[in-house]
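Chemist: Enclosed is the structure file query23.txt (compact mmCIF, C-alpha atoms).
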# COMPACT_ATOMS: atom_id res chain seq x y z
CA MET A 421 39.57 116.85 123.92
CA LEU A 422 40.76 119.24 126.58
CA GLU A 423 42.57 117.81 129.59
CA ASP A 424 39.64 118.33 131.94
CA ALA A 425 36.82 118.34 129.39
CA PRO A 426 34.50 115.35 129.54
CA MET A 427 34.11 113.06 126.57
CA THR A 428 31.35 114.24 124.25
CA ALA A 429 29.03 112.00 122.25
CA GLN A 430 31.02 112.91 119.14
CA ASP A 431 34.26 111.97 120.92
CA ALA A 432 32.69 108.64 121.83
CA LEU A 433 31.77 107.95 118.20
CA ALA A 434 35.28 108.87 117.08
CA ALA A 435 36.82 106.74 119.85
CA LEU A 436 34.87 103.68 118.73
CA MET A 437 35.98 104.13 115.13
CA ILE A 438 39.58 104.49 116.27
CA ALA A 439 39.28 101.45 118.53
CA VAL A 440 37.95 99.27 115.71
CA SER A 441 40.72 100.39 113.38
CA ALA A 442 43.42 99.87 116.01
CA SER A 443 42.05 96.53 117.23
CA ASP A 444 44.16 94.54 114.77
CA GLU A 445 47.24 96.70 115.47
CA ASN A 446 47.28 97.84 111.84
CA ILE A 447 45.50 101.10 111.06
CA ARG A 448 45.06 101.10 107.30
CA THR A 449 44.77 104.12 105.03
CA ALA A 450 41.27 103.06 103.93
CA GLU A 451 40.17 103.07 107.57
CA LEU A 452 41.65 106.53 108.19
CA VAL A 453 39.91 107.85 105.08
CA LYS A 454 36.60 106.32 106.23
CA MET A 455 36.93 107.95 109.67
CA SER A 456 37.88 111.30 108.16
CA ASN A 457 34.97 111.20 105.71
CA ALA A 458 32.52 110.32 108.49
CA ILE A 459 33.75 113.13 110.74
CA ASN A 460 33.80 115.67 107.91
CA ASN A 461 30.47 114.76 106.28
CA LEU A 462 27.97 113.11 108.61
CA PRO A 463 25.34 115.24 110.37
CA VAL A 464 26.09 113.60 113.73
CA PHE A 465 29.53 115.27 113.61
CA ASP A 466 28.19 118.77 112.80
CA GLY A 467 30.12 121.25 114.90
CA TYR A 468 32.70 118.68 116.03
CA ASP A 469 35.99 120.31 116.96
CA ALA A 470 38.64 118.34 115.06
CA GLU A 471 41.20 119.62 117.58
CA ARG A 472 39.76 117.00 119.95
CA LEU A 473 40.59 114.06 117.67
CA PRO A 474 44.32 113.67 118.50
CA ARG A 475 43.57 113.59 122.22
CA THR A 476 40.74 111.11 121.69
CA SER A 477 43.10 108.91 119.69
CA LYS A 478 45.75 109.08 122.39
CA MET A 479 43.19 108.15 125.03
CA VAL A 480 42.14 105.07 123.02
CA PHE A 481 45.75 103.98 122.48
CA ASP A 482 46.60 104.55 126.15
CA LEU A 483 43.59 102.52 127.27
CA PHE A 484 44.49 99.68 124.89
CA GLU A 485 47.80 99.35 126.75
CA GLN A 486 46.08 98.84 130.12
CA GLU A 487 44.86 95.49 131.39
CA ASP A 488 41.23 96.61 131.81
CA GLY A 489 41.49 99.39 129.25
CA LEU A 490 38.83 98.11 126.89
CA GLU A 491 36.35 97.88 129.74
CA ALA A 492 37.27 101.42 130.79
CA LEU A 493 36.85 102.65 127.21
CA PHE A 494 33.38 101.15 126.96
CA GLY A 495 32.46 102.74 130.29
CA LEU A 496 33.49 106.17 129.01
CA ILE A 497 31.62 105.61 125.76
CA ARG A 498 28.41 104.50 127.48
CA ASP A 499 28.61 107.54 129.79
CA ALA A 500 29.05 109.97 126.88
CA LEU A 501 26.87 108.43 124.19
CA PRO A 502 23.08 108.77 124.28
CA GLU A 503 21.34 105.45 123.76
CA HIS A 504 19.62 106.67 120.59
CA LEU A 505 23.10 106.86 118.98
CA TYR A 506 24.12 103.27 119.82
CA GLU A 507 23.13 101.97 116.39
CA THR A 508 24.90 104.93 114.76
CA ALA A 509 28.02 104.07 116.73
CA TYR A 510 27.83 100.47 115.58
CA ALA A 511 27.23 101.48 111.97
CA LEU A 512 30.28 103.76 112.01
CA SER A 513 32.34 100.98 113.58
CA CYS A 514 31.22 98.48 110.93
CA ASP A 515 32.03 100.92 108.14
CA VAL A 516 35.56 101.45 109.46
CA ALA A 517 36.10 97.71 109.88
CA ALA A 518 34.83 97.03 106.34
CA ALA A 519 36.75 99.90 104.73
CA ASP A 520 39.68 97.70 103.72
CA GLY A 521 37.38 95.04 102.26
CA ARG A 522 37.57 92.49 105.05
CA ILE A 523 36.46 92.01 108.63
CA VAL A 524 38.41 89.22 110.29
CA GLY A 525 40.10 88.34 113.55
CA PRO A 526 40.50 91.18 116.02
CA GLU A 527 38.21 93.56 114.13
CA ALA A 528 35.41 90.98 114.12
CA ARG A 529 35.92 90.39 117.85
CA MET A 530 35.89 94.13 118.51
CA LEU A 531 32.60 94.50 116.65
CA GLU A 532 31.19 91.66 118.75
CA GLU A 533 32.33 93.45 121.92
CA ILE A 534 30.70 96.68 120.74
CA ARG A 535 27.43 94.85 120.00
CA GLU A 536 27.45 93.35 123.49
CA GLU A 537 28.52 96.50 125.33
CA LEU A 538 25.89 98.62 123.61
CA GLU A 539 23.32 95.83 124.04
CA LEU A 540 22.25 96.00 120.41
CA ASP A 541 19.49 93.76 119.19
CA ARG A 542 21.10 90.95 117.18
CA LEU A 543 18.75 91.42 114.22
CA HIS A 544 19.43 95.16 114.08
CA ALA A 545 23.17 94.54 114.33
CA ALA A 546 22.99 91.99 111.50
CA ALA A 547 21.22 94.53 109.29
CA ILE A 548 23.87 97.16 110.06
CA GLU A 549 26.63 94.65 109.29
CA ARG A 550 24.96 93.67 106.03
CA GLY A 551 24.70 97.32 105.00
CA ALA A 552 28.40 97.90 105.71
CA ARG A 553 29.34 94.81 103.73
CA ALA A 554 27.16 95.94 100.80
CA ARG A 555 28.68 99.46 100.81
CA HIS A 556 32.21 98.08 100.69
CA MET A 557 31.88 95.34 98.05
CA THR A 558 34.32 95.30 95.18
CA LEU A 559 34.03 93.90 91.66
Show how you would write the structure in this file as structure tokens.
Modeler:
Amino acid sequence: MLEDAPMTAQDALAALMIAVSASDENIRTAELVKMSNAINNLPVFDGYDAERLPRTSKMVFDLFEQEDGLEALFGLIRDALPEHLYETAYALSCDVAAADGRIVGPEARMLEEIREELELDRLHAAAIERGARARHMTL
């Protein structure tokens, strides 16, 4: 993200994935791989400039250090993200949270915050969560 460039919808999706991963203060390799795969392979990220990712990450980390940073982050995300991508944003967030095989504590609370901030229907959110859990099951 350029210094004066506004956050794009793709930046907002990436920021949410980063925020979920960082919410428990332990960014795991499985979560990084999940984010990388999403950015490199999903149609919603077609044309995304990967040069923007380090700055997006820094913004998320900087906001996490501020008292009202999470609220500010959600404001930026709602401004940049079209409503029709809210469920996509939640699905990506759930996939990152589930990537290491468990969603507990801070990650679960962060997903709850995302659901509330994006005003997702509870039934739709439950279906998205169930899909993420199913995709990340182990033997």
Chemist: With all atoms listed in the file as the counted atoms, please give the residues lying no more than 6 Å from stretch 512-523 of chain A, apart from itself and same-chain residues fewer than 2 positions off, as a ChimeraX atom specification.
Modeler: /A:437,450-451,454,509-510,527-528,552
Chemist: Can you tell me how far atom CA of A:Asp431 sits from atom CA of A:Glu532, in Å to one decimal?
Modeler: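 Separating atom CA of A:Asp431 from atom CA of A:Glu532 is a distance of 20.7 Å.
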Chemist: Between A:Ala442, A:Met479, A:Ala434, A:Leu496, single out the one closest to A:Leu462, counting only C-alpha atoms.
Modeler: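 Of all the options, A:Ala434 lies closest to A:Leu462.
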Chemist: Pick from A:Leu538, A:Leu490, A:Leu505, A:Ala554: nearest to A:Ala439, with only C-alpha atoms counted?
Modeler: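 Of all the options, A:Leu490 lies closest to A:Ala439.
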Chemist: Quick check, in Å to one decimal: how far apart do atom CA of A:Arg448 and atom CA of A:Tyr506 lie?
Modeler: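 Rounded to one decimal, the two atoms are 24.5 Å apart.
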Chemist: So how far away is atom CA of A:Arg550 from atom CA of A:Ile534, in Å?
Modeler: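 Atom-to-atom, atom CA of A:Ile534 and atom CA of A:Arg550 are spaced 16.1 Å apart.
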Chemist: Give the answer as one residue: which of A:Leu436, A:Met557, A:Thr428, A:Asp482 has the shortest atom-to-atom distance to A:Arg535, using all atoms listed in the file?
Modeler: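 So, comparing all the options, the nearest one is A:Leu436.
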Chemist: In the coordinate frame of the file, compute which residues have an atom within 12 Å of (37.6, 113.1, 108.7) when using all atoms listed in the file, and state them as a ChimeraX atom specification.
Modeler: /A:434,437-438,450-462,465-466,468-471,473-474,516
Chemist: Where atoms are absent from stretch 524-545 of chain A, fill them in so it carries N, CA, C and O atoms, then output it as an mmCIF file, in the coordinates of the input.
Modeler:
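As a result, selection_8.cif now contains:
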data_model
loop_
_atom_site.group_PDB
_atom_site.id
_atom_site.type_symbol
_atom_site.label_atom_id
_atom_site.label_comp_id
_atom_site.auth_asym_id
_atom_site.auth_seq_id
_atom_site.Cartn_x
_atom_site.Cartn_y
_atom_site.Cartn_z
ATOM 1 N N VAL A 524 37.966 90.507 109.736
ATOM 2 C CA VAL A 524 38.410 89.220 110.290
ATOM 3 C C VAL A 524 39.112 89.432 111.612
ATOM 4 O O VAL A 524 39.485 90.550 111.965
ATOM 5 N N GLY A 525 39.290 88.355 112.332
ATOM 6 C CA GLY A 525 40.100 88.340 113.550
ATOM 7 C C GLY A 525 39.728 89.395 114.561
ATOM 8 O O GLY A 525 38.571 89.502 114.975
ATOM 9 N N PRO A 526 40.715 90.205 114.955
ATOM 10 C CA PRO A 526 40.500 91.180 116.020
ATOM 11 C C PRO A 526 39.394 92.198 115.727
ATOM 12 O O PRO A 526 38.657 92.583 116.626
ATOM 13 N N GLU A 527 39.273 92.603 114.462
ATOM 14 C CA GLU A 527 38.210 93.560 114.130
ATOM 15 C C GLU A 527 36.835 92.925 114.331
ATOM 16 O O GLU A 527 35.925 93.565 114.863
ATOM 17 N N ALA A 528 36.684 91.679 113.927
ATOM 18 C CA ALA A 528 35.410 90.980 114.120
ATOM 19 C C ALA A 528 35.105 90.826 115.607
ATOM 20 O O ALA A 528 33.959 91.020 116.035
ATOM 21 N N ARG A 529 36.121 90.510 116.394
ATOM 22 C CA ARG A 529 35.920 90.390 117.850
ATOM 23 C C ARG A 529 35.571 91.733 118.476
ATOM 24 O O ARG A 529 34.747 91.812 119.380
ATOM 25 N N MET A 530 36.194 92.793 117.988
ATOM 26 C CA MET A 530 35.890 94.130 118.510
ATOM 27 C C MET A 530 34.454 94.506 118.195
ATOM 28 O O MET A 530 33.745 95.041 119.057
ATOM 29 N N LEU A 531 33.993 94.208 116.994
ATOM 30 C CA LEU A 531 32.600 94.500 116.650
ATOM 31 C C LEU A 531 31.650 93.702 117.554
ATOM 32 O O LEU A 531 30.619 94.228 117.990
ATOM 33 N N GLU A 532 31.998 92.473 117.845
ATOM 34 C CA GLU A 532 31.190 91.660 118.750
ATOM 35 C C GLU A 532 31.137 92.294 120.139
ATOM 36 O O GLU A 532 30.074 92.375 120.754
ATOM 37 N N GLU A 533 32.281 92.766 120.617
ATOM 38 C CA GLU A 533 32.330 93.450 121.920
ATOM 39 C C GLU A 533 31.436 94.691 121.910
ATOM 40 O O GLU A 533 30.715 94.953 122.871
ATOM 41 N N ILE A 534 31.513 95.468 120.836
ATOM 42 C CA ILE A 534 30.700 96.680 120.740
ATOM 43 C C ILE A 534 29.224 96.328 120.776
ATOM 44 O O ILE A 534 28.445 96.955 121.490
ATOM 45 N N ARG A 535 28.833 95.307 120.000
ATOM 46 C CA ARG A 535 27.430 94.850 120.000
ATOM 47 C C ARG A 535 26.973 94.515 121.414
ATOM 48 O O ARG A 535 25.894 94.911 121.844
ATOM 49 N N GLU A 536 27.805 93.765 122.135
ATOM 50 C CA GLU A 536 27.450 93.350 123.490
ATOM 51 C C GLU A 536 27.415 94.523 124.457
ATOM 52 O O GLU A 536 26.483 94.657 125.249
ATOM 53 N N GLU A 537 28.438 95.365 124.398
ATOM 54 C CA GLU A 537 28.520 96.500 125.330
ATOM 55 C C GLU A 537 27.384 97.492 125.131
ATOM 56 O O GLU A 537 26.893 98.074 126.096
ATOM 57 N N LEU A 538 26.975 97.684 123.892
ATOM 58 C CA LEU A 538 25.890 98.620 123.610
ATOM 59 C C LEU A 538 24.524 97.933 123.622
ATOM 60 O O LEU A 538 23.503 98.557 123.376
ATOM 61 N N GLU A 539 24.543 96.628 123.919
ATOM 62 C CA GLU A 539 23.320 95.830 124.040
ATOM 63 C C GLU A 539 22.406 96.001 122.823
ATOM 64 O O GLU A 539 21.206 96.231 122.943
ATOM 65 N N LEU A 540 23.017 95.859 121.636
ATOM 66 C CA LEU A 540 22.250 96.000 120.410
ATOM 67 C C LEU A 540 21.482 94.717 120.120
ATOM 68 O O LEU A 540 21.983 93.617 120.326
ATOM 69 N N ASP A 541 20.289 94.887 119.627
ATOM 70 C CA ASP A 541 19.490 93.760 119.190
ATOM 71 C C ASP A 541 20.235 93.043 118.070
ATOM 72 O O ASP A 541 20.751 93.687 117.153
ATOM 73 N N ARG A 542 20.309 91.731 118.145
ATOM 74 C CA ARG A 542 21.100 90.950 117.180
ATOM 75 C C ARG A 542 20.603 91.141 115.746
ATOM 76 O O ARG A 542 21.402 91.221 114.815
ATOM 77 N N LEU A 543 19.298 91.226 115.568
ATOM 78 C CA LEU A 543 18.750 91.420 114.220
ATOM 79 C C LEU A 543 19.117 92.793 113.667
ATOM 80 O O LEU A 543 19.483 92.923 112.496
ATOM 81 N N HIS A 544 19.047 93.818 114.511
ATOM 82 C CA HIS A 544 19.430 95.160 114.080
ATOM 83 C C HIS A 544 20.914 95.207 113.738
ATOM 84 O O HIS A 544 21.311 95.803 112.726
ATOM 85 N N ALA A 545 21.722 94.569 114.577
ATOM 86 C CA ALA A 545 23.170 94.540 114.330
ATOM 87 C C ALA A 545 23.475 93.827 113.014
ATOM 88 O O ALA A 545 24.331 94.283 112.237
#
